[in-house]
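In what follows, a single structure is set out as structure tokens and then discussed.
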Amino acid sequence: MRRRSLAAIVAAAVVVLALGVAAVLLLTGRAGEAPGPAPQPVPQAIPGGFEGDPARAGWVLTAGDGVVSPTTTKAHSGSASLQLTGTEGGAPASAALPRLPVVPGRTYAAGAFSLVGTGRQELVVQFRDGAGQPITDASAPTGTTTGAWSRVSTTATAPPGAASATLTLTAIDGVQSAVSWDDVSFVDSAVPNGGVEAEGPDSSCPQAWTCVAPAGSDSARTTSERHSGAAALLLTDGSADEAVTAVTGPVQVAPSVGQTFSAWVLVDSGEPTAGLTVRWYDAARTLLATDVHDGLRTDAGAWTQVEVTDPAPDTAAYATVEVHTSATGQGRAVWDDVAVEPAPGTGPQRWSTERVAQLDGFTTTATSRVLNVGGRPKLATIVSGDPASLQIADVQTGTVDDVRRLPGLVHGWGLTESADGRSLYVGGGSGHLLRYDPATKSLTDLGRATPRARLVFDLATGPDGRVWGASYPGGEVWAYDPATQAFTVLDPVGSGHDYARSIAVDRDWVYVGTGSVNPDIVRISAADPSRRTTIALPDPVASGFVVSLDLHGRYLAARLPEGRRGVYDTVSQTWDVPLSQDAGGRQIQQTPTSTTVDGAPFYYFTNGRLWRVDPQATGPAAKRAVATVAAPEGRDRAVVRTRIGGVDGDWILSFDGVDTVTALNVSALPPATGASLPAAPVRTLRLHLRPSPVPIKSLAVGSRGEVLVGGFGGSSLSMLDPADPQPRLTPLISDPVGRDVFGEVEGMVSNGRFDFFGSYTSARLFRRDSTLPWVDGENPRLLATLGPTLGQDRPLAWATSGDRTVFGTVPQYGRLGGVLGWFDGADTTPQTVWCPVPDQSVVALAGAGHVAYGGTSRWGGLGVRPSTASAELFAYDLESRQALWHVAPLPGAQAFTAVLLDSEGRLWAATSTTLVELDRASGRVRRTLPLLPGAERDEPTYRGADLAELDGRVVVAAQGRLYAVDPDTLAVDTIASRGVAPAKVRAIDGLLYFPSRSVLLRATSW
């Protein structure tokens, strides 16, 4: 439906007093600056920012049947925008700016940033004659993109008889819509005397131009050689080392958008090249930036149009164009028809998206419990995936009896039986506690444990039946009472601990293992939680976790940082516990078996023997060898009174976390005879757990053009051939051999025949020679492990810079300060330096020549607060090993998680809300482009956005969406409006690949 008659909308506007938009602004240079443009009358910018009262600034607001009002809840720049709301079937709301002076025959560019909530609105320019009667109009609709700032623009030539223009933002007649508008512009980009038709005070320089000719050189207006009209500008260069220059008067430009600068030139002697220099000024005539374009090729002896496109800086109001000869040679050139106009951009695009493949995973678990269900042992475990699932498997048959999806959870750690053994409590997604009934195979959501809880790391059941939980963030400890069905939240563990990582409970005390900074164990009175003491670790460390805690009578078995084990005597309050030491007095590096009966014996496998420990005893008699046995493979070990193979007994069941359970009946062991021990028979049982698809974590283009995809939650790396008519993700890592070598892939890049992979944990760096077969443990080859020496964990950022392969890291939990590193060519030893921004992580990289450009996160490893306020961007010279610059362009930014050098050599960076363009040489911000409204959340951020380039557009993945941004017009097209997670995107052969959780998608423009 067409908008209501524009004449009706602006009828009231034409009687409003004209603004001072025809005021003259004289631009002059300042001392110590580059020469400013010669004084010339130029139009003044319109009041398009809505920072004050729009009506006082000259806007005529018409509500119609809708709403028009300023708002401070959204703004493209500054603190306010103008909200227009249109109603279905009603008269449109509008805002009009009348009586903008125009000159017939000149072309005017109007533009504004729009944030569309719903519907569609328009920007309209209407030309009117001296009596205020409309002549012609031009309009541009808002695009189809919602939820992101996109620029709307149109150009129109003032017709004969035009005296003024009215610029209107308007809803569509009868169409429901809601749009916020900001940063409106209306510019006349005519170059003063760009055709060199008007003479200057003397013959050496045309009117409105400034000419400079060194000794032996000359500039002159000529009528004998011209491209059009009656005259042109002749520059004769007789100097071997100085150029002849001529600079136009100031030209009005719209800030932030691309401008095309062109001129016709005839080079009839000397090198057939030409030069253009663009200088940008703000409204106060301060020089902002200079873009130099030398060596523009021309056809010798023939008129050639040279053309360049540059983006206007954020605060630009005017530009000048300098034409010049070469500074390194002599020659003669004639210039004519210098012009400036808005860059046309690439035009709107439409996109189609298709599902390509799903990333299948291995069976990956982090915890398990053994239940007795109807007299049969059942293994309960949480299988990682998208989402994770609770799976109940029959230990004897290996079959899975039940599978329950756990929405919002990828990995699960928290499992505990109820006090009566009839239920299983599960740490679910988003900090929820769930209860599973094995008899009825039902799963009940009991609610979120605390308003803040996101991950339930451990659960333990107390003697009184209460279920205790340890969660992240905030180091929270809480209890659920099945009798009252209520949660009780205790004060956090404190001391800077963001993680309550493990928990164990007896009648009197709650023991909480902490992390990730200065980990320790906090003992809390169950009766009076305000009573607390701290148990220092036997070997204190600066970072890490107390991963697990189990109580055996008076003994607290702990899995400590760096994989160490320890047993703490809670009565004598010491870590020096002989029963947990081997014959040489060394701590047994094994977690003892858990038990289901309070005070029951527990067991160790060590030195080829099975050792039984009485938790009620002390001294040497507390531990004795009861059998010879090779230690069975197993991550989780428990003693369970159950029946296996028709035999009742106390069985040690060891689960390897994947598919194997070993069973040993300690009740059936014969007594030792003299000095000899009986050999303990071990049964091996296979489980058939169901692997789940895993979320995609990393994405790259391989050295052979394939798509490389890394999964979240363990060793998962697959490849896809984009040329395959039925593409599928094929695993590269075998199961289980490759998983013992390769970790979770944080980031990757290809350089020549090599593919590089960064693996979590301990920042392991691998290189694959793609000309050779993939062989787990050999190709890819492990080149370096940065964890032990540099305290790094996640090699997340990767790029190439010439023949160098560059990487950046996030440190280990509880640490600050990442690393910038690189491999020179085929070298296998990395060069490393600390992040150029102290205490920050390197999370994004791009490279050119010997310079690496990086983005940082102000966050270090999880569990420690940042020491800096804002993330930064930097340039680092890899040859001189010196930082060239580092800047913090967005106060409060959490992380610049994407850096891109586009095909034009422009440097881009992105946070989860904002796109920034920088000058590569200085780091000075060229343009700041707010894309998504709102501020970043104050939380650990490493993957908030990603960037790619396709068909001249900058593709931005952020906040679950995928957009294509025209770098010249700043129009934004939506590729995917939701579900893009994580924020990753790669362009291959004109197609975009991006993840949606465990699914790889592909987008095509048309």
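Starting from 1 in every chain, residues are counted up; chains themselves are A, B, ... following the order of the structure tokens, and ligands are numbered from 1 as listed.
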Quick one: residues within 12 Å of Ala327 in chain A, only C-alpha atoms counted, chain neighbours fewer than 6 positions away excluded, as a PyMOL selection string? chain A and resi 213-214+217+237-245+270-271+273-275+294-295
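Here CA of Leu61 in chain A stands at a distance of 18.1 Å from CA of Phe113 in chain A.
Put simply, CA of Asp202 in chain A is 19.1 Å away from CA of Val323 in chain A.
Non-sequential neighbours of Thr346 in chain A (distance at most 10 Å, separation of 3 or more positions within a chain, only C-alpha atoms) are Ala343, Gln349, Asp951, Gly952, Arg953, Val965, Asp966, Pro967, Asp968, Thr969 and Ala971 of chain A.
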Can you spit out the residues from that selection as a CSV table (one decimal), in the first residue's frame, using all heavy atoms?
chain,number,residue,atom,x,y,z
A,343,ALA,N,29.3,6.2,-3.0
A,343,ALA,CA,29.6,4.9,-3.6
A,343,ALA,C,28.3,4.1,-3.7
A,343,ALA,O,27.5,4.1,-2.8
A,343,ALA,CB,30.6,4.2,-2.7
A,349,GLN,N,20.9,-8.0,-1.5
A,349,GLN,CA,21.0,-9.4,-1.8
A,349,GLN,C,19.9,-10.2,-1.0
A,349,GLN,O,19.5,-9.8,0.1
A,349,GLN,CB,22.4,-9.9,-1.4
A,349,GLN,CG,23.5,-9.4,-2.3
A,349,GLN,CD,24.9,-9.9,-1.8
A,349,GLN,OE1,25.2,-9.8,-0.6
A,349,GLN,NE2,25.6,-10.4,-2.7
A,951,ASP,N,31.9,-11.5,-1.9
A,951,ASP,CA,31.4,-10.6,-2.9
A,951,ASP,C,31.5,-9.2,-2.5
A,951,ASP,O,30.5,-8.4,-2.7
A,951,ASP,CB,30.0,-11.0,-3.3
A,951,ASP,CG,29.8,-12.4,-3.8
A,951,ASP,OD1,30.8,-12.9,-4.4
A,951,ASP,OD2,28.8,-13.0,-3.7
A,952,GLY,N,32.6,-8.8,-1.9
A,952,GLY,CA,32.7,-7.4,-1.5
A,952,GLY,C,32.0,-7.0,-0.2
A,952,GLY,O,32.1,-5.8,0.1
A,953,ARG,N,31.3,-7.9,0.4
A,953,ARG,CA,30.6,-7.6,1.6
A,953,ARG,C,31.3,-8.2,2.8
A,953,ARG,O,31.9,-9.2,2.7
A,953,ARG,CB,29.2,-8.1,1.6
A,953,ARG,CG,28.3,-7.4,0.5
A,953,ARG,CD,26.9,-7.7,0.7
A,953,ARG,NE,26.1,-6.7,-0.1
A,953,ARG,CZ,24.9,-6.3,0.2
A,953,ARG,NH1,24.3,-6.6,1.4
A,953,ARG,NH2,24.2,-5.5,-0.6
A,965,VAL,N,27.1,-7.0,5.4
A,965,VAL,CA,27.2,-5.5,5.5
A,965,VAL,C,27.9,-5.0,4.3
A,965,VAL,O,29.0,-5.4,4.0
A,965,VAL,CB,28.0,-5.1,6.8
A,965,VAL,CG1,28.0,-3.6,6.9
A,965,VAL,CG2,27.3,-5.7,8.0
A,966,ASP,N,27.2,-4.1,3.6
A,966,ASP,CA,27.9,-3.4,2.4
A,966,ASP,C,28.8,-2.3,3.0
A,966,ASP,O,28.4,-1.4,3.7
A,966,ASP,CB,26.8,-2.7,1.6
A,966,ASP,CG,27.4,-2.2,0.3
A,966,ASP,OD1,28.5,-1.5,0.3
A,966,ASP,OD2,26.8,-2.4,-0.8
A,967,PRO,N,30.1,-2.5,2.8
A,967,PRO,CA,31.1,-1.6,3.5
A,967,PRO,C,31.0,-0.1,2.9
A,967,PRO,O,31.5,0.8,3.6
A,967,PRO,CB,32.4,-2.2,3.2
A,967,PRO,CG,32.2,-3.0,1.9
A,967,PRO,CD,30.8,-3.5,2.0
A,968,ASP,N,30.3,0.1,1.8
A,968,ASP,CA,30.2,1.4,1.3
A,968,ASP,C,28.9,2.1,1.7
A,968,ASP,O,28.9,3.2,2.2
A,968,ASP,CB,30.3,1.4,-0.3
A,968,ASP,CG,31.7,1.1,-0.7
A,968,ASP,OD1,32.7,1.5,0.0
A,968,ASP,OD2,31.8,0.5,-1.8
A,969,THR,N,27.8,1.4,1.5
A,969,THR,CA,26.5,2.0,1.8
A,969,THR,C,26.1,1.8,3.3
A,969,THR,O,25.2,2.4,3.8
A,969,THR,CB,25.4,1.5,0.9
A,969,THR,OG1,25.2,0.1,1.2
A,969,THR,CG2,25.8,1.7,-0.6
A,971,ALA,N,24.4,-0.6,4.2
A,971,ALA,CA,23.1,-1.4,4.2
A,971,ALA,C,23.4,-2.8,4.7
A,971,ALA,O,24.5,-3.4,4.4
A,971,ALA,CB,22.5,-1.4,2.8
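Between CA of Val954 in chain A and CA of Pro940 in chain A the separation is 25.7 Å.
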Using only C-alpha atoms, what table do you get, as a Markdown table, when you list each residue of range 192-258 of chain A with an atom no more than 10 Å from range 926-929 of chain A, its nearest pair of atoms, and their distance in Å rounded to one decimal, rows by chain then rising number?
| residue | atom | partner | partner_atom | distance |
| --- | --- | --- | --- | --- |
| A:Pro255 | CA | A:Arg927 | CA | 8.9 |
| A:Ser256 | CA | A:Arg927 | CA | 6.0 |
| A:Val257 | CA | A:Arg927 | CA | 8.9 |
Return as a Markdown table the residues of range 456-538 of chain A lying at most 6 Å from range 547-563 of chain A, together with the closest atom-to-atom pair for each and the distance in Å to one decimal, counting only C-alpha atoms, with rows in chain order and ascending residue number.
| residue | atom | partner | partner_atom | distance |
| --- | --- | --- | --- | --- |
| A:Ser502 | CA | A:Ser548 | CA | 5.0 |
| A:Ile503 | CA | A:Leu549 | CA | 5.8 |
| A:Ala504 | CA | A:Leu549 | CA | 5.7 |
Could you write those residues out with N, CA, C and O atoms, as an mmCIF file, in the first residue's frame?
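And here's part-v8.cif as it stands now:
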data_model
loop_
_atom_site.group_PDB
_atom_site.id
_atom_site.type_symbol
_atom_site.label_atom_id
_atom_site.label_comp_id
_atom_site.auth_asym_id
_atom_site.auth_seq_id
_atom_site.Cartn_x
_atom_site.Cartn_y
_atom_site.Cartn_z
ATOM 1 N N SER A 502 33.543 -29.291 43.371
ATOM 2 C CA SER A 502 33.260 -30.641 43.863
ATOM 3 C C SER A 502 32.699 -30.541 45.275
ATOM 4 O O SER A 502 32.889 -29.530 45.964
ATOM 5 N N ILE A 503 32.040 -31.609 45.732
ATOM 6 C CA ILE A 503 31.387 -31.547 47.035
ATOM 7 C C ILE A 503 31.276 -32.951 47.630
ATOM 8 O O ILE A 503 31.114 -33.946 46.907
ATOM 9 N N ALA A 504 31.429 -33.032 48.954
ATOM 10 C CA ALA A 504 31.231 -34.270 49.711
ATOM 11 C C ALA A 504 30.596 -33.901 51.050
ATOM 12 O O ALA A 504 30.845 -32.813 51.591
#
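The shortest atom-to-atom distance to Trp181 in chain A, with only C-alpha atoms taken into account, belongs to A:Leu123 out of A:Leu907, A:Ala883, A:Leu123, A:Val647.
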Can you pull out every residue within 12 Å of Val522 in chain A, counting only C-alpha atoms, but drop anything in the same chain fewer than 2 positions away, and send it as number ranges by chain? A: 470, 475-477, 491-495, 497, 499-505, 509-515, 519-520, 524-525, 529-537, 546, 549
